[in-house]
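Peer 1: Hey, dropping run-v4.txt in here, compact mmCIF, N, CA and C atoms:
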# COMPACT_ATOMS: atom_id res chain seq x y z
N MET A 170 29.47 -31.60 -57.97
CA MET A 170 28.65 -32.09 -56.88
C MET A 170 29.04 -31.37 -55.59
N THR A 171 28.04 -30.99 -54.82
CA THR A 171 28.30 -30.33 -53.55
C THR A 171 28.29 -31.35 -52.42
N GLU A 172 28.88 -30.97 -51.29
CA GLU A 172 28.93 -31.81 -50.10
C GLU A 172 28.24 -31.07 -48.95
N LYS A 173 27.66 -31.81 -48.04
CA LYS A 173 26.99 -31.25 -46.87
C LYS A 173 27.95 -30.32 -46.11
N LEU A 174 27.44 -29.15 -45.75
CA LEU A 174 28.12 -28.12 -44.95
C LEU A 174 29.18 -27.31 -45.70
N GLU A 175 29.35 -27.55 -47.00
CA GLU A 175 30.27 -26.68 -47.76
C GLU A 175 29.68 -25.27 -47.79
N ILE A 176 30.56 -24.28 -47.86
CA ILE A 176 30.13 -22.89 -47.92
C ILE A 176 30.60 -22.28 -49.24
N TYR A 177 29.69 -21.55 -49.89
CA TYR A 177 29.96 -20.91 -51.17
C TYR A 177 29.65 -19.42 -51.07
N ARG A 178 30.39 -18.61 -51.86
CA ARG A 178 30.19 -17.16 -51.89
C ARG A 178 30.07 -16.68 -53.32
N CYS A 179 29.15 -15.76 -53.53
CA CYS A 179 29.04 -15.08 -54.82
C CYS A 179 30.02 -13.91 -54.79
N ASN A 180 30.90 -13.87 -55.76
CA ASN A 180 31.90 -12.80 -55.80
C ASN A 180 31.37 -11.50 -56.38
N ILE A 181 30.10 -11.49 -56.79
CA ILE A 181 29.48 -10.26 -57.29
C ILE A 181 28.66 -9.60 -56.19
N CYS A 182 27.65 -10.30 -55.68
CA CYS A 182 26.76 -9.70 -54.67
C CYS A 182 27.14 -10.05 -53.24
N LYS A 183 28.10 -10.98 -53.06
CA LYS A 183 28.63 -11.40 -51.76
C LYS A 183 27.67 -12.28 -50.96
N ASN A 184 26.61 -12.82 -51.60
CA ASN A 184 25.77 -13.81 -50.92
C ASN A 184 26.63 -14.97 -50.48
N ILE A 185 26.32 -15.54 -49.31
CA ILE A 185 27.02 -16.72 -48.81
C ILE A 185 25.97 -17.78 -48.54
N VAL A 186 26.21 -19.01 -49.03
CA VAL A 186 25.28 -20.11 -48.80
C VAL A 186 26.03 -21.31 -48.24
N GLU A 187 25.32 -22.06 -47.40
CA GLU A 187 25.86 -23.31 -46.86
C GLU A 187 25.00 -24.44 -47.39
N VAL A 188 25.63 -25.51 -47.84
CA VAL A 188 24.91 -26.65 -48.38
C VAL A 188 24.28 -27.42 -47.23
N VAL A 189 22.95 -27.55 -47.28
CA VAL A 189 22.21 -28.29 -46.27
C VAL A 189 22.14 -29.76 -46.66
N LEU A 190 21.82 -30.01 -47.91
CA LEU A 190 21.79 -31.37 -48.46
C LEU A 190 22.58 -31.36 -49.76
N PRO A 191 23.49 -32.31 -49.95
CA PRO A 191 24.32 -32.32 -51.16
C PRO A 191 23.51 -32.63 -52.41
N GLY A 192 24.04 -32.18 -53.54
CA GLY A 192 23.36 -32.43 -54.81
C GLY A 192 24.30 -32.34 -55.98
N GLU A 193 23.76 -32.64 -57.12
CA GLU A 193 24.51 -32.55 -58.37
C GLU A 193 24.46 -31.12 -58.88
N GLY A 194 25.30 -30.80 -59.82
CA GLY A 194 25.25 -29.49 -60.44
C GLY A 194 26.17 -28.49 -59.78
N THR A 195 26.08 -27.26 -60.27
CA THR A 195 26.94 -26.16 -59.84
C THR A 195 26.08 -25.08 -59.23
N LEU A 196 26.54 -24.49 -58.14
CA LEU A 196 25.82 -23.38 -57.53
C LEU A 196 26.16 -22.10 -58.29
N VAL A 197 25.11 -21.37 -58.68
CA VAL A 197 25.26 -20.17 -59.50
C VAL A 197 24.51 -19.02 -58.85
N CYS A 198 25.11 -17.84 -58.88
CA CYS A 198 24.46 -16.63 -58.38
C CYS A 198 24.90 -15.48 -59.29
N CYS A 199 24.02 -14.55 -59.56
CA CYS A 199 24.33 -13.39 -60.42
C CYS A 199 24.88 -13.84 -61.78
N GLY A 200 24.45 -15.02 -62.25
CA GLY A 200 24.86 -15.53 -63.55
C GLY A 200 26.25 -16.14 -63.59
N GLU A 201 26.92 -16.26 -62.44
CA GLU A 201 28.26 -16.84 -62.39
C GLU A 201 28.34 -17.94 -61.34
N GLU A 202 29.27 -18.89 -61.55
CA GLU A 202 29.49 -19.96 -60.59
C GLU A 202 29.97 -19.37 -59.27
N MET A 203 29.41 -19.87 -58.18
CA MET A 203 29.81 -19.39 -56.85
C MET A 203 31.17 -19.98 -56.47
N GLU A 204 31.92 -19.24 -55.66
CA GLU A 204 33.22 -19.69 -55.19
C GLU A 204 33.06 -20.61 -53.98
N HIS A 205 33.67 -21.78 -54.04
CA HIS A 205 33.66 -22.70 -52.90
C HIS A 205 34.71 -22.20 -51.92
N LEU A 206 34.28 -21.84 -50.70
CA LEU A 206 35.21 -21.34 -49.70
C LEU A 206 35.82 -22.51 -48.95
N ARG A 207 37.12 -22.62 -49.02
CA ARG A 207 37.84 -23.67 -48.30
C ARG A 207 38.44 -23.03 -47.06
N PRO A 208 38.10 -23.55 -45.90
CA PRO A 208 38.53 -22.88 -44.66
C PRO A 208 40.02 -22.96 -44.41
N GLY A 209 40.56 -21.86 -43.89
CA GLY A 209 41.94 -21.85 -43.44
C GLY A 209 42.04 -22.58 -42.11
N THR A 210 43.21 -23.12 -41.84
CA THR A 210 43.41 -23.84 -40.58
C THR A 210 44.58 -23.29 -39.77
N THR A 211 45.27 -22.30 -40.33
CA THR A 211 46.38 -21.68 -39.62
C THR A 211 46.24 -20.17 -39.69
N ASP A 212 46.82 -19.49 -38.70
CA ASP A 212 46.75 -18.04 -38.63
C ASP A 212 47.99 -17.40 -39.23
N GLY A 213 47.82 -16.16 -39.68
CA GLY A 213 48.94 -15.37 -40.16
C GLY A 213 49.67 -14.76 -38.97
N VAL A 214 50.62 -13.92 -39.25
CA VAL A 214 51.43 -13.31 -38.21
C VAL A 214 50.63 -12.30 -37.40
N ASN A 215 49.82 -11.45 -38.05
CA ASN A 215 49.12 -10.37 -37.36
C ASN A 215 47.69 -10.70 -36.94
N GLU A 216 46.96 -11.39 -37.78
CA GLU A 216 45.55 -11.67 -37.51
C GLU A 216 45.38 -13.08 -36.97
N LYS A 217 44.51 -13.24 -36.02
CA LYS A 217 44.23 -14.55 -35.43
C LYS A 217 42.78 -14.91 -35.73
N HIS A 218 42.58 -15.97 -36.50
CA HIS A 218 41.24 -16.34 -36.94
C HIS A 218 40.81 -17.75 -36.60
N VAL A 219 41.73 -18.64 -36.32
CA VAL A 219 41.35 -20.03 -36.08
C VAL A 219 40.55 -20.13 -34.78
N PRO A 220 39.35 -20.71 -34.85
CA PRO A 220 38.54 -20.85 -33.63
C PRO A 220 39.23 -21.73 -32.59
N VAL A 221 39.09 -21.33 -31.33
CA VAL A 221 39.64 -22.08 -30.20
C VAL A 221 38.45 -22.61 -29.41
N ILE A 222 38.45 -23.93 -29.15
CA ILE A 222 37.36 -24.56 -28.42
C ILE A 222 37.83 -24.85 -27.00
N ASP A 223 37.12 -24.28 -26.03
CA ASP A 223 37.41 -24.51 -24.62
C ASP A 223 36.29 -25.39 -24.06
N TYR A 224 36.65 -26.58 -23.55
CA TYR A 224 35.66 -27.50 -22.98
C TYR A 224 35.49 -27.25 -21.50
N GLU A 225 34.25 -27.41 -21.03
CA GLU A 225 33.92 -27.29 -19.60
C GLU A 225 34.49 -26.03 -18.97
N CYS A 226 34.26 -24.92 -19.62
CA CYS A 226 34.78 -23.66 -19.09
C CYS A 226 33.72 -22.99 -18.22
N GLU A 227 34.05 -22.76 -16.98
CA GLU A 227 33.23 -22.01 -16.04
C GLU A 227 31.77 -22.47 -16.03
N GLY A 228 31.55 -23.77 -16.15
CA GLY A 228 30.21 -24.31 -16.09
C GLY A 228 29.35 -24.03 -17.30
N VAL A 229 29.91 -23.42 -18.33
CA VAL A 229 29.15 -23.06 -19.53
C VAL A 229 28.91 -24.28 -20.40
N GLY A 230 29.86 -25.16 -20.49
CA GLY A 230 29.80 -26.29 -21.41
C GLY A 230 30.96 -26.16 -22.37
N VAL A 231 30.73 -25.49 -23.47
CA VAL A 231 31.78 -25.25 -24.47
C VAL A 231 31.76 -23.77 -24.83
N ARG A 232 32.94 -23.19 -24.87
CA ARG A 232 33.09 -21.81 -25.35
C ARG A 232 33.95 -21.87 -26.59
N ILE A 233 33.50 -21.21 -27.64
CA ILE A 233 34.29 -21.10 -28.87
C ILE A 233 34.62 -19.64 -29.04
N ARG A 234 35.91 -19.35 -29.11
CA ARG A 234 36.38 -17.98 -29.29
C ARG A 234 37.27 -17.93 -30.51
N VAL A 235 37.38 -16.75 -31.08
CA VAL A 235 38.16 -16.60 -32.30
C VAL A 235 39.54 -16.07 -31.97
N GLY A 236 40.56 -16.92 -32.21
CA GLY A 236 41.94 -16.54 -32.01
C GLY A 236 42.38 -16.62 -30.56
N GLU A 237 43.68 -16.78 -30.37
CA GLU A 237 44.25 -16.77 -29.02
C GLU A 237 44.08 -15.39 -28.40
N MET A 238 44.22 -14.36 -29.19
CA MET A 238 43.93 -12.98 -28.77
C MET A 238 42.62 -12.61 -29.44
N PRO A 239 41.72 -11.88 -28.73
CA PRO A 239 40.42 -11.57 -29.32
C PRO A 239 40.52 -10.87 -30.68
N HIS A 240 39.72 -11.32 -31.62
CA HIS A 240 39.66 -10.74 -32.96
C HIS A 240 38.99 -9.37 -32.88
N PRO A 241 39.40 -8.41 -33.72
CA PRO A 241 38.72 -7.11 -33.75
C PRO A 241 37.23 -7.29 -34.07
N MET A 242 36.40 -6.46 -33.48
CA MET A 242 34.96 -6.50 -33.73
C MET A 242 34.47 -5.07 -33.99
N VAL A 243 35.01 -4.47 -35.06
CA VAL A 243 34.63 -3.12 -35.46
C VAL A 243 33.91 -3.19 -36.80
N GLU A 244 33.19 -2.15 -37.15
CA GLU A 244 32.36 -2.13 -38.36
C GLU A 244 33.13 -2.57 -39.61
N GLU A 245 34.38 -2.16 -39.72
CA GLU A 245 35.17 -2.47 -40.92
C GLU A 245 35.74 -3.88 -40.91
N HIS A 246 35.83 -4.52 -39.72
CA HIS A 246 36.52 -5.80 -39.61
C HIS A 246 35.95 -6.57 -38.41
N TYR A 247 35.19 -7.62 -38.69
CA TYR A 247 34.60 -8.37 -37.58
C TYR A 247 34.24 -9.79 -38.01
N ILE A 248 33.97 -10.63 -37.00
CA ILE A 248 33.54 -12.00 -37.23
C ILE A 248 32.03 -11.97 -37.45
N GLN A 249 31.56 -12.49 -38.58
CA GLN A 249 30.14 -12.44 -38.90
C GLN A 249 29.36 -13.61 -38.31
N PHE A 250 30.00 -14.78 -38.20
CA PHE A 250 29.34 -15.89 -37.51
C PHE A 250 30.36 -16.89 -37.01
N ILE A 251 29.95 -17.62 -35.97
CA ILE A 251 30.70 -18.76 -35.45
C ILE A 251 29.75 -19.94 -35.47
N GLU A 252 30.26 -21.08 -35.90
CA GLU A 252 29.42 -22.27 -36.06
C GLU A 252 30.13 -23.47 -35.44
N ALA A 253 29.41 -24.24 -34.62
CA ALA A 253 29.93 -25.48 -34.05
C ALA A 253 29.20 -26.64 -34.71
N VAL A 254 29.94 -27.70 -35.06
CA VAL A 254 29.38 -28.86 -35.74
C VAL A 254 29.81 -30.12 -35.00
N SER A 255 28.84 -30.98 -34.66
CA SER A 255 29.18 -32.24 -34.00
C SER A 255 29.97 -33.13 -34.94
N LYS A 256 30.73 -34.04 -34.36
CA LYS A 256 31.59 -34.93 -35.14
C LYS A 256 30.81 -35.69 -36.21
N ASN A 257 29.58 -36.12 -35.88
CA ASN A 257 28.77 -36.87 -36.85
C ASN A 257 27.96 -35.96 -37.78
N GLN A 258 28.11 -34.67 -37.66
CA GLN A 258 27.44 -33.65 -38.47
C GLN A 258 25.91 -33.68 -38.35
N LYS A 259 25.41 -34.18 -37.23
CA LYS A 259 23.96 -34.21 -37.00
C LYS A 259 23.47 -32.96 -36.27
N THR A 260 24.36 -32.32 -35.52
CA THR A 260 23.97 -31.16 -34.72
C THR A 260 24.86 -29.98 -35.08
N ILE A 261 24.22 -28.85 -35.35
CA ILE A 261 24.94 -27.62 -35.71
C ILE A 261 24.40 -26.47 -34.85
N HIS A 262 25.29 -25.65 -34.37
CA HIS A 262 24.91 -24.46 -33.61
C HIS A 262 25.63 -23.28 -34.24
N ARG A 263 24.89 -22.30 -34.74
CA ARG A 263 25.48 -21.12 -35.36
C ARG A 263 24.94 -19.87 -34.69
N GLU A 264 25.85 -18.93 -34.42
CA GLU A 264 25.43 -17.63 -33.91
C GLU A 264 26.04 -16.55 -34.79
N TYR A 265 25.22 -15.57 -35.13
CA TYR A 265 25.68 -14.42 -35.91
C TYR A 265 26.15 -13.34 -34.95
N LEU A 266 27.25 -12.70 -35.28
CA LEU A 266 27.85 -11.68 -34.44
C LEU A 266 27.84 -10.34 -35.16
N TYR A 267 27.97 -9.27 -34.38
CA TYR A 267 27.93 -7.92 -34.92
C TYR A 267 29.05 -7.09 -34.28
N PRO A 268 29.45 -6.00 -34.95
CA PRO A 268 30.50 -5.15 -34.38
C PRO A 268 30.17 -4.77 -32.94
N GLY A 269 31.20 -4.76 -32.10
CA GLY A 269 31.05 -4.40 -30.70
C GLY A 269 30.80 -5.59 -29.79
N GLU A 270 30.43 -6.75 -30.34
CA GLU A 270 30.21 -7.94 -29.53
C GLU A 270 31.51 -8.71 -29.32
N GLU A 271 31.54 -9.58 -28.32
CA GLU A 271 32.69 -10.44 -28.09
C GLU A 271 32.77 -11.47 -29.22
N PRO A 272 33.97 -11.77 -29.73
CA PRO A 272 34.10 -12.78 -30.79
C PRO A 272 34.12 -14.20 -30.21
N GLN A 273 33.00 -14.58 -29.57
CA GLN A 273 32.90 -15.91 -28.98
C GLN A 273 31.43 -16.30 -28.83
N ILE A 274 31.21 -17.61 -28.70
CA ILE A 274 29.88 -18.12 -28.38
C ILE A 274 30.01 -19.13 -27.25
N ASN A 275 28.94 -19.31 -26.49
CA ASN A 275 28.89 -20.29 -25.42
C ASN A 275 27.78 -21.29 -25.73
N ILE A 276 28.08 -22.57 -25.54
CA ILE A 276 27.10 -23.61 -25.80
C ILE A 276 26.82 -24.32 -24.48
N ASN A 277 25.58 -24.35 -24.08
CA ASN A 277 25.13 -24.90 -22.81
C ASN A 277 25.50 -26.37 -22.66
N CYS A 278 25.82 -26.75 -21.45
CA CYS A 278 26.17 -28.14 -21.12
C CYS A 278 25.05 -29.11 -21.49
N ARG A 279 23.80 -28.65 -21.48
CA ARG A 279 22.67 -29.54 -21.73
C ARG A 279 22.48 -29.87 -23.21
N SER A 280 23.09 -29.11 -24.09
CA SER A 280 22.95 -29.42 -25.52
C SER A 280 23.92 -30.54 -25.90
N ASN A 281 23.65 -31.21 -27.00
CA ASN A 281 24.55 -32.27 -27.48
C ASN A 281 25.95 -31.72 -27.73
N LEU A 282 26.03 -30.52 -28.26
CA LEU A 282 27.34 -29.92 -28.54
C LEU A 282 28.06 -29.53 -27.27
N GLY A 283 27.33 -29.17 -26.22
CA GLY A 283 27.93 -28.75 -24.96
C GLY A 283 28.65 -29.87 -24.24
N LYS A 284 28.45 -31.09 -24.70
CA LYS A 284 29.12 -32.24 -24.07
C LYS A 284 30.44 -32.56 -24.77
N GLY A 285 30.82 -31.78 -25.74
CA GLY A 285 32.08 -32.02 -26.44
C GLY A 285 31.85 -32.75 -27.74
N ASP A 286 31.91 -34.08 -27.73
CA ASP A 286 31.63 -34.90 -28.91
C ASP A 286 32.64 -34.70 -30.02
N GLY A 287 33.86 -34.21 -29.70
CA GLY A 287 34.86 -34.02 -30.74
C GLY A 287 34.43 -33.04 -31.81
N LEU A 288 33.73 -32.00 -31.39
CA LEU A 288 33.15 -31.07 -32.37
C LEU A 288 34.21 -30.24 -33.09
N SER A 289 33.79 -29.68 -34.20
CA SER A 289 34.65 -28.74 -34.93
C SER A 289 33.96 -27.37 -34.89
N ALA A 290 34.73 -26.32 -35.15
CA ALA A 290 34.19 -24.96 -35.13
C ALA A 290 34.67 -24.23 -36.37
N ARG A 291 33.77 -23.40 -36.92
CA ARG A 291 34.13 -22.55 -38.05
C ARG A 291 33.72 -21.12 -37.73
N GLU A 292 34.44 -20.19 -38.33
CA GLU A 292 34.07 -18.78 -38.21
C GLU A 292 34.30 -18.11 -39.55
N TYR A 293 33.56 -17.01 -39.76
CA TYR A 293 33.71 -16.26 -41.01
C TYR A 293 34.00 -14.80 -40.68
N CYS A 294 35.16 -14.33 -41.13
CA CYS A 294 35.58 -12.94 -40.97
C CYS A 294 35.19 -12.18 -42.23
N ASN A 295 34.61 -11.00 -42.08
CA ASN A 295 34.15 -10.25 -43.24
C ASN A 295 35.29 -9.84 -44.18
N ILE A 296 36.52 -9.86 -43.72
CA ILE A 296 37.67 -9.50 -44.58
C ILE A 296 38.48 -10.73 -44.99
N HIS A 297 38.79 -11.60 -44.03
CA HIS A 297 39.73 -12.70 -44.28
C HIS A 297 39.09 -14.04 -44.58
N GLY A 298 37.78 -14.15 -44.49
CA GLY A 298 37.10 -15.37 -44.91
C GLY A 298 36.89 -16.41 -43.84
N LEU A 299 36.84 -17.66 -44.28
CA LEU A 299 36.43 -18.80 -43.48
C LEU A 299 37.63 -19.52 -42.84
N TYR A 300 37.49 -19.87 -41.56
CA TYR A 300 38.51 -20.63 -40.83
C TYR A 300 37.85 -21.74 -40.05
N ILE A 301 38.58 -22.83 -39.85
CA ILE A 301 38.07 -23.98 -39.13
C ILE A 301 39.09 -24.49 -38.12
N SER A 302 38.56 -25.07 -37.05
CA SER A 302 39.39 -25.74 -36.05
C SER A 302 38.74 -27.07 -35.75
N ASN A 303 39.49 -28.13 -35.83
CA ASN A 303 38.99 -29.46 -35.48
C ASN A 303 39.69 -29.91 -34.22
N ASN A 304 39.08 -29.64 -33.09
CA ASN A 304 39.66 -30.00 -31.79
C ASN A 304 38.92 -31.20 -31.25
N GLU A 305 39.64 -32.23 -30.92
CA GLU A 305 39.03 -33.37 -30.27
C GLU A 305 38.96 -33.10 -28.78
N GLU A 306 37.89 -33.59 -28.16
CA GLU A 306 37.72 -33.39 -26.72
C GLU A 306 38.90 -33.99 -25.98
N LYS A 307 39.37 -33.27 -24.99
CA LYS A 307 40.55 -33.72 -24.24
C LYS A 307 40.15 -34.61 -23.09
Kindly transcribe the structure held in the file into structure tokens.
Peer 2:
Amino acid sequence: MTEKLEIYRCNICKNIVEVVLPGEGTLVCCGEEMEHLRPGTTDGVNEKHVPVIDYECEGVGVRIRVGEMPHPMVEEHYIQFIEAVSKNQKTIHREYLYPGEEPQININCRSNLGKGDGLSAREYCNIHGLYISNNEEK
């Protein structure tokens, strides 16, 4: 059985899917069961991947950045998306990123997510996979 917002990857073609509505059964791609990606919550010594949530930064609302030091954003190694999820999982904001861009997103104060709401953030690195940060509003 799948759960809402779980992320799965096909280890053959590299398709990535997020569960919108949970269901019974197994997710299959290319004739094989997809891998359930479980997000990391801590960083290694060299790479910094855990999303950092900054509340009320410079009038933006919420800024989510990857790592205490900016993550590389080059063709071979970059953050493919950053996603913010409200505590009640009713509101989701996802932005796709590309090499050369800043590894961060800004969420406007006027959106539900921009008000904090104890949101969580996830990011996906094309090499190191999925990471999550669950920061409660301060």
Peer 1: Would you kindly return, as a VMD selection string, each protein, DNA or RNA residue with an atom no farther than 9 Å from any atom of stretch 286-293 of chain A, considering only C-alpha atoms and excluding same-chain residues fewer than 3 positions away?
Peer 2: chain A and resid 208 218 to 222 233 235 247 to 258 281 to 283 296 to 307
Peer 1: Expressed in Å to a single decimal, how great is the separation between atom C of A:Pro268 and atom N of A:Cys182?
Peer 2: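 Rounded to one decimal, the two atoms are 23.5 Å apart.
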Peer 1: Centre and edge lengths of an axis-aligned box around all listed atoms of stretch 254-260 of chain A, with 5 Å added on each side, are to be given in Å to one decimal, as AutoDock Vina command-line options.
Peer 2:
--center_x 27.5 --center_y -32.3 --center_z -36.2 --size_x 18.1 --size_y 19.2 --size_z 14.5
Peer 1: In Å to one decimal, how far is atom C of A:Ile274 from atom C of A:His240?
Peer 2: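 Interatomic distance here is 14.4 Å.
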Peer 1: Could you check how far atom C of A:Tyr267 sits from atom CA of A:His246, in Å to one decimal?
Peer 2: 9.3 Å
Peer 1: Nearest to A:Arg207: which of A:Glu175, A:Gly236, A:Val231, A:Thr195 is it, counting only N, CA and C atoms?
Peer 2: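 Among the listed residues, A:Glu175 lies closest to A:Arg207.
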Peer 1: Identify the residues within 9 Å of coordinate (28.1, -17.3, -50.7) (same frame as the file), considering only C-alpha atoms, and give the answer as a ChimeraX atom specification.
Peer 2: /A:176-180,182-187,198,203-206
Peer 1: Got a sec to check which residues sit within 8 Å of (25.9, -34.3, -48.7), counting only N, CA and C atoms, and write them as a ChimeraX atom specification?
Peer 2: /A:171-175,188-192
Peer 1: If you run DSSP over the backbone, which residues in stretch 227-285 of chain A end up strand (DSSP E)? Put them as a PyMOL selection string.
Peer 2: chain A and resi 230-235+248-254+261-265+273-277
Peer 1: I'd like to know which of A:Asn295, A:Gly194, A:Gly269, A:Asn277 is closest to A:Glu225, using only C-alpha atoms.
Peer 2: A:Asn277
Peer 1: Save stretch 245-263 of chain A from what I just supplied, as a JSON list (two decimals), in the first residue's frame, atoms limited to N, CA, C and O atoms.
Peer 2:
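The result, written out as selection05.json:
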[["chain", "number", "residue", "atom", "x", "y", "z"],
["A", 245, "GLU", "N", 26.45, 18.10, -13.98],
["A", 245, "GLU", "CA", 26.70, 16.75, -13.45],
["A", 245, "GLU", "C", 26.11, 16.54, -12.07],
["A", 245, "GLU", "O", 25.96, 15.40, -11.63],
["A", 246, "HIS", "N", 25.82, 17.64, -11.33],
["A", 246, "HIS", "CA", 25.41, 17.52, -9.93],
["A", 246, "HIS", "C", 24.57, 18.74, -9.55],
["A", 246, "HIS", "O", 25.11, 19.84, -9.42],
["A", 247, "TYR", "N", 23.26, 18.52, -9.38],
["A", 247, "TYR", "CA", 22.41, 19.66, -9.04],
["A", 247, "TYR", "C", 21.12, 19.19, -8.36],
["A", 247, "TYR", "O", 20.77, 18.03, -8.38],
["A", 248, "ILE", "N", 20.42, 20.16, -7.76],
["A", 248, "ILE", "CA", 19.14, 19.91, -7.14],
["A", 248, "ILE", "C", 18.08, 19.99, -8.23],
["A", 248, "ILE", "O", 17.97, 21.01, -8.92],
["A", 249, "GLN", "N", 17.29, 18.92, -8.39],
["A", 249, "GLN", "CA", 16.30, 18.88, -9.46],
["A", 249, "GLN", "C", 14.97, 19.51, -9.05],
["A", 249, "GLN", "O", 14.27, 20.07, -9.89],
["A", 250, "PHE", "N", 14.60, 19.41, -7.77],
["A", 250, "PHE", "CA", 13.41, 20.12, -7.31],
["A", 250, "PHE", "C", 13.47, 20.34, -5.81],
["A", 250, "PHE", "O", 14.17, 19.64, -5.09],
["A", 251, "ILE", "N", 12.75, 21.37, -5.37],
["A", 251, "ILE", "CA", 12.52, 21.65, -3.96],
["A", 251, "ILE", "C", 11.02, 21.72, -3.78],
["A", 251, "ILE", "O", 10.31, 22.31, -4.60],
["A", 252, "GLU", "N", 10.54, 21.11, -2.71],
["A", 252, "GLU", "CA", 9.10, 21.02, -2.47],
["A", 252, "GLU", "C", 8.80, 21.39, -1.02],
["A", 252, "GLU", "O", 9.46, 20.92, -0.11],
["A", 253, "ALA", "N", 7.82, 22.26, -0.81],
["A", 253, "ALA", "CA", 7.35, 22.63, 0.53],
["A", 253, "ALA", "C", 5.97, 22.02, 0.72],
["A", 253, "ALA", "O", 5.14, 22.06, -0.18],
["A", 254, "VAL", "N", 5.73, 21.46, 1.91],
["A", 254, "VAL", "CA", 4.45, 20.81, 2.22],
["A", 254, "VAL", "C", 3.94, 21.35, 3.54],
["A", 254, "VAL", "O", 4.66, 21.36, 4.53],
["A", 255, "SER", "N", 2.67, 21.80, 3.56],
["A", 255, "SER", "CA", 2.08, 22.29, 4.80],
["A", 255, "SER", "C", 1.94, 21.14, 5.79],
["A", 255, "SER", "O", 1.89, 19.97, 5.41],
["A", 256, "LYS", "N", 1.87, 21.49, 7.06],
["A", 256, "LYS", "CA", 1.79, 20.50, 8.13],
["A", 256, "LYS", "C", 0.63, 19.53, 7.92],
["A", 256, "LYS", "O", 0.76, 18.33, 8.14],
["A", 257, "ASN", "N", -0.52, 20.05, 7.46],
["A", 257, "ASN", "CA", -1.70, 19.20, 7.25],
["A", 257, "ASN", "C", -1.70, 18.52, 5.88],
["A", 257, "ASN", "O", -2.66, 17.85, 5.53],
["A", 258, "GLN", "N", -0.68, 18.71, 5.09],
["A", 258, "GLN", "CA", -0.50, 18.12, 3.76],
["A", 258, "GLN", "C", -1.59, 18.53, 2.76],
["A", 258, "GLN", "O", -1.84, 17.83, 1.79],
["A", 259, "LYS", "N", -2.21, 19.68, 2.98],
["A", 259, "LYS", "CA", -3.23, 20.17, 2.06],
["A", 259, "LYS", "C", -2.65, 21.08, 0.98],
["A", 259, "LYS", "O", -3.23, 21.24, -0.07],
["A", 260, "THR", "N", -1.50, 21.70, 1.28],
["A", 260, "THR", "CA", -0.91, 22.64, 0.34],
["A", 260, "THR", "C", 0.53, 22.22, 0.05],
["A", 260, "THR", "O", 1.30, 21.96, 0.97],
["A", 261, "ILE", "N", 0.85, 22.17, -1.24],
["A", 261, "ILE", "CA", 2.20, 21.78, -1.68],
["A", 261, "ILE", "C", 2.69, 22.81, -2.70],
["A", 261, "ILE", "O", 1.93, 23.25, -3.56],
["A", 262, "HIS", "N", 3.94, 23.18, -2.58],
["A", 262, "HIS", "CA", 4.57, 24.09, -3.53],
["A", 262, "HIS", "C", 5.86, 23.43, -4.00],
["A", 262, "HIS", "O", 6.73, 23.14, -3.18],
["A", 263, "ARG", "N", 5.98, 23.17, -5.29],
["A", 263, "ARG", "CA", 7.18, 22.53, -5.84],
["A", 263, "ARG", "C", 7.73, 23.40, -6.96],
["A", 263, "ARG", "O", 6.99, 23.88, -7.80]]
